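**Q** Next up is a structure, given as structure tokens.
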Amino acid sequence: DAAPIRYECHQAATGNVASIFFPVKVAEDGTPNGTAYVAYSDGHDIYLVDSTDKGVTWSQPVKVSHGPDTRTSLLPWLETGPTPGSVAVVWYGTSDAANDDNADWKVFYALSYDATSNTPTFRQAVASDHFVHGSNISTGGTLGTANRNLLDYFQVSLDPNGAATIAYTDDHNDFDGHTYLTHQIGGPGLNATQSNVPSPGPAPTPQTGPFPSAASVGGEPGSQVTDFRHDVADALLVVTPTDDPLDILSVNYSCQGAGDNVQLVARMKVSDLSTVPPESNWRMNFTANAPDSTPSPTGDYSFGLSDRGDQFFVRASTDPTLPEFSFGTATRNSDGSLSYSIKGAADSGSFNSASNTITVVLALNRLDQYVTRGAAVRPGSTLVGLRGQAFTSTANAKRDLTRGGTQYTVGCGAADLAIQKADSPDPAHVGQILTYTITVTNNGPSSATGVSVTDTLPKNAGFASASAGCTAKPSKSMVTCDVGTMASGATRTATITVKPTRKGTITNTASVSAASPPDPNTANNAATATTTVLP
């Protein structure tokens, strides 16, 4: 087609419409001119306007975003459907009343089949299964000092069934923004028949670690963080495809020691450390007490919102102005950058040219005075925000940085209490003795203190007696057993006898807990016995 001879400007909306990035799309929906849509944010809500006369006149704005979870809504994008009035809109939304550093954001999706009517209906859903950002969002483009980590990667498209595919930026577990993708697998599709999108079938088996796999890049097996080989940037622009001391392959977090002497061991593997270069740095980050510290269903990253937790790092350096091995705190700034503060020398560290690894060791209790968001970092603590950086001390020289990895639960020095429960006889008889034998074992590497067993008796199990150390509440409905301290590998046994009061079934559960240390494996902290009772 020939280029337009002239362009005409028409105002699509009035009011506070200056929030950055407002998409314009024209639908192929069978109307004579195609319906033109504009989506925009007024700084709080998402609005949509449409035109059927090539943008000469526009409809009144209709509000797209609704509900307390998206009180503040920014950066919309849209896609058009095959019929008049069919449109899909995505945006970042937060329950916070303002776009500030306290806001936690998710991705929202809404569709309408009648967006051009006087009273359109929008169906809205949360598209992201975790918080994607914990700070303000810049709406000033390249100007100002707000957080620009989300940039402008936001897009939505529709597959042939009308299911939405959304690409968005996410920095919840990263140094800065990375691109994520989600695809609609249920609910109404933006299609001509307004039918639900078909199910894609069962979900694939989750990964057991980060992507790419450690094996595929030559990283250390079991690492929580991996990175593509040969991606060191020189002067932030040039990537040379060769092995390099700053070329990160993996970062592995583990621990050693027991009791009050548990140490975190952070080990980074690079593609070549045959020579340790001068004035270079290798930093490994981790965050404790972050909300939502659970693995994603895909298994390759953590939901933990690292900027809301206690952020730390360990560092190895050949810069003569810095300690060779150190640790410190990290803080996310309002502009999206991270500030690092060295707090002291690490307990130990090493460069191993044979294994191409850099290791830094730090006692967990040395972090205590810097923890402000929750409990002290100890065995049982879950660490997220796992990621690594390697860089020269010269500004804008060589660097490599990883994406955020999975997560690590400190497993050293922990107790692992397991409980078993047996009933005898089974079946039992009304009014006759039924004996429960409760066995507690400490499978963990450390002693457990303040161990206790709690057994809540059902109404049809009349309490009769309990072994030494066990006490029945006045109502006789609960028995507690003071086990005390259990060394690693120790076993304790308690018995409780009851007299069933009526025929049927008795289901009785006992649980075990300890005052210290944490038990990272709670799956074996309860046991149930089910007994048949005859007349």
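Going by the structure tokens order, chains are called A, B, ..., each with residues numbered from 1, while ligands are numbered from 1 in the order shown.
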Find the residues near region 528-535 of chain A: any atom within 9 Å, counting only C-alpha atoms, skip ones fewer than 3 places away on the same chain, and give them as a VMD selection string.
**A** chain A and resid 420 to 431 436 500 502 to 511
**Q** Hey, what's within 9 Å of Thr83 (chain A) if we count only C-alpha atoms and toss same-chain stuff fewer than 2 positions away? As a PyMOL selection string, please?
**A** chain A and resi 27-31+80-81+85-87+113+190-192
**Q** With only C-alpha atoms as the atoms that count, which of A:Arg267, A:Arg229, A:Arg283, A:Arg373 lies nearest to Gln311 (chain A)?
**A**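 Looking only at the distances to Gln311 (chain A), the closest residue turns out to be A:Arg373.
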**Q** Counting only C-alpha atoms, what is within 9 Å of region 292-298 of chain A, bar same-chain residues fewer than 2 positions away, as a list in words?
**A** Asp129, His130, Phe131, Pro204, Thr205, Pro206, Gln207, Thr208, Ala288, Asn289, Ala290, Asp300, Tyr301, Ser302, Phe303, Gly304, Leu305, Ser306, Thr382, Leu383, Val384, Thr406 and Gln407 of chain A
**Q** Between A:Asp159, A:Asp310, A:Asp170, A:Asp114, single out the one closest to Val371 (chain A), counting only C-alpha atoms.
**A**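 Result for the nearest residue to Val371 (chain A): A:Asp310.
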**Q** Give me, as a JSON list (two decimals) with C-alpha atoms, in the first residue's frame, the residues of region 254-360 of chain A that a backbone DSSP run labels helix (DSSP H, G or I).
**A**
```json
[["chain", "number", "residue", "atom", "x", "y", "z"],
["A", 259, "GLY", "CA", 25.11, -27.15, 66.61],
["A", 260, "ASP", "CA", 26.20, -23.53, 66.98],
["A", 261, "ASN", "CA", 29.05, -24.06, 64.53],
["A", 306, "SER", "CA", 14.03, -11.79, 47.79],
["A", 307, "ASP", "CA", 13.80, -8.00, 48.12],
["A", 308, "ARG", "CA", 11.47, -8.44, 51.12]]
```
**Q** In terms of the shortest atom-to-atom distance over only C-alpha atoms, which of A:Ile185, A:Ile496, A:Ala258, A:Ala376 is closest to Ala203 (chain A)?
**A**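 Smallest separation from Ala203 (chain A) among the options: A:Ile185.
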**Q** Kindly provide the residues of region 341-447 of chain A that approach region 240-253 of chain A to within 7 Å, each paired with its closest atom pair and their distance in Å to one decimal, based on only C-alpha atoms, listed by chain and increasing number, as a tab-separated table.
**A**
```
residue	atom	partner	partner_atom	distance
A:Gly388	CA	A:Val251	CA	6.8
A:Ala390	CA	A:Leu246	CA	5.2
A:Phe391	CA	A:Leu246	CA	6.5
A:Arg399	CA	A:Leu246	CA	6.6
A:Asp400	CA	A:Asp247	CA	6.1
A:Tyr408	CA	A:Tyr253	CA	6.8
```
**Q** If I take CA of Leu75 (chain A) and CA of Ile166 (chain A), how far is one from the other in Å, to one decimal?
**A** 13.4 Å
**Q** Quick one: DSSP strand (DSSP E) residues in region 233-461 of chain A, as number ranges by chain?
**A** A: 233-234, 238-239, 248-256, 263-270, 280-288, 310-317, 325-332, 338-345, 348-352, 357-363, 382-392, 398-401, 408-409, 417-424, 428-429, 434-442, 448-456, 461
**Q** Would you compute the distance between CA of Thr226 (chain A) and CA of Phe351 (chain A)? Give it in Å to one decimal.
**A** 19.0 Å
**Q** Would you kindly return, as a list in words, each protein, DNA or RNA residue with an atom no farther than 7 Å from any atom of region 320-336 of chain A, considering only C-alpha atoms and excluding same-chain residues fewer than 2 positions away?
**A**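 Using only C-alpha atoms, the neighbours found are Asp101, Thr145, Ala146, Asn147, Arg148, Asn149, Asp307, Gln311, Phe312, Phe313, Val314, Arg315, Ala316, Ser317, Thr318, Leu338, Ser339, Tyr340, Ser341, Ile342, Lys343, Gly344, Ala345, Ala346, Ser348, Gly349 and Val360 of chain A.
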**Q** Grab the residues selected above and save them as an mmCIF file, in the first residue's frame with C-alpha atoms.
**A**
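Result file is selection14.cif:
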```cif
data_model
loop_
_atom_site.group_PDB
_atom_site.id
_atom_site.type_symbol
_atom_site.label_atom_id
_atom_site.label_comp_id
_atom_site.auth_asym_id
_atom_site.auth_seq_id
_atom_site.Cartn_x
_atom_site.Cartn_y
_atom_site.Cartn_z
ATOM 1 C CA ASP A 101 8.689 0.929 47.310
ATOM 2 C CA THR A 145 15.407 7.706 39.620
ATOM 3 C CA ALA A 146 12.556 5.193 39.892
ATOM 4 C CA ASN A 147 12.913 1.414 39.491
ATOM 5 C CA ARG A 148 13.276 0.539 35.796
ATOM 6 C CA ASN A 149 13.915 -3.195 36.258
ATOM 7 C CA ASP A 307 13.801 -7.998 48.117
ATOM 8 C CA GLN A 311 19.755 -10.078 51.806
ATOM 9 C CA PHE A 312 23.377 -11.177 52.200
ATOM 10 C CA PHE A 313 26.381 -12.049 50.074
ATOM 11 C CA VAL A 314 29.771 -13.683 50.279
ATOM 12 C CA ARG A 315 32.593 -12.536 48.051
ATOM 13 C CA ALA A 316 36.009 -13.599 46.845
ATOM 14 C CA SER A 317 38.292 -10.926 45.464
ATOM 15 C CA THR A 318 41.786 -10.395 44.106
ATOM 16 C CA LEU A 338 21.593 -3.185 44.665
ATOM 17 C CA SER A 339 23.964 -1.672 47.214
ATOM 18 C CA TYR A 340 26.513 -3.915 48.922
ATOM 19 C CA SER A 341 28.116 -3.346 52.321
ATOM 20 C CA ILE A 342 31.019 -5.543 53.428
ATOM 21 C CA LYS A 343 30.641 -6.423 57.120
ATOM 22 C CA GLY A 344 33.788 -8.449 57.658
ATOM 23 C CA ALA A 345 36.072 -11.235 56.557
ATOM 24 C CA ALA A 346 34.556 -14.639 55.858
ATOM 25 C CA SER A 348 37.624 -19.083 55.093
ATOM 26 C CA GLY A 349 37.813 -19.335 51.329
ATOM 27 C CA VAL A 360 33.654 -18.976 50.556
#
```
**Q** At a cut-off of 7 Å, using only C-alpha atoms, what residues contact Glu79 (chain A)? Leave out same-chain residues fewer than 3 positions from it and give the result as a list in words.
**A**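 Using only C-alpha atoms, the neighbours found are Val87, Ala88, Val89, Val156 and Ser157 of chain A.
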**Q** To one decimal place in Å, what is the distance between CA of Asn352 (chain A) and CA of Pro445 (chain A)?
**A**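 CA of Pro445 (chain A) lies 28.7 Å from CA of Asn352 (chain A).
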**Q** Need to verify the contact set: Ser446 (chain A), 6 Å, only C-alpha atoms, exclusion of same-chain residues closer than 2 positions in sequence. Can you return it as a ChimeraX atom specification?
**A** /A:413-415,444,488
**Q** Please save N, CA and C atoms of the selected residues as a CSV table (one decimal), in the first residue's frame.
**A**
```
chain,number,residue,atom,x,y,z
A,413,GLY,N,23.4,-29.7,60.9
A,413,GLY,CA,23.1,-29.4,62.3
A,413,GLY,C,21.7,-29.4,62.7
A,414,ALA,N,20.8,-30.0,61.9
A,414,ALA,CA,19.4,-30.0,62.2
A,414,ALA,C,19.0,-31.4,62.9
A,415,ALA,N,17.9,-31.3,63.7
A,415,ALA,CA,17.3,-32.5,64.2
A,415,ALA,C,16.3,-33.0,63.2
A,444,GLY,N,18.3,-36.9,62.8
A,444,GLY,CA,19.1,-35.8,62.3
A,444,GLY,C,20.5,-35.8,62.9
A,488,SER,N,21.6,-37.4,68.6
A,488,SER,CA,21.4,-37.9,67.2
A,488,SER,C,21.4,-39.4,67.3
```
**Q** Between A:Gly484, A:Asn460, A:Pro160, A:Val498, single out the one closest to Ala472 (chain A), counting only C-alpha atoms.
**A**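 Smallest distance to Ala472 (chain A) is found for A:Val498.
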**Q** Name the closest residue to His172 (chain A) among the candidates A:Thr449, A:Ser135, A:Asn525, A:Ser465; distances are taken between atoms, counting only C-alpha atoms.
**A** A:Ser135
**Q** Any idea what's packed within 9 Å of Thr182 (chain A), counting only C-alpha atoms, ignoring anything in its chain fewer than 2 positions away? Could you give it as a ChimeraX atom specification?
**A** /A:127-128,164-168,180,184
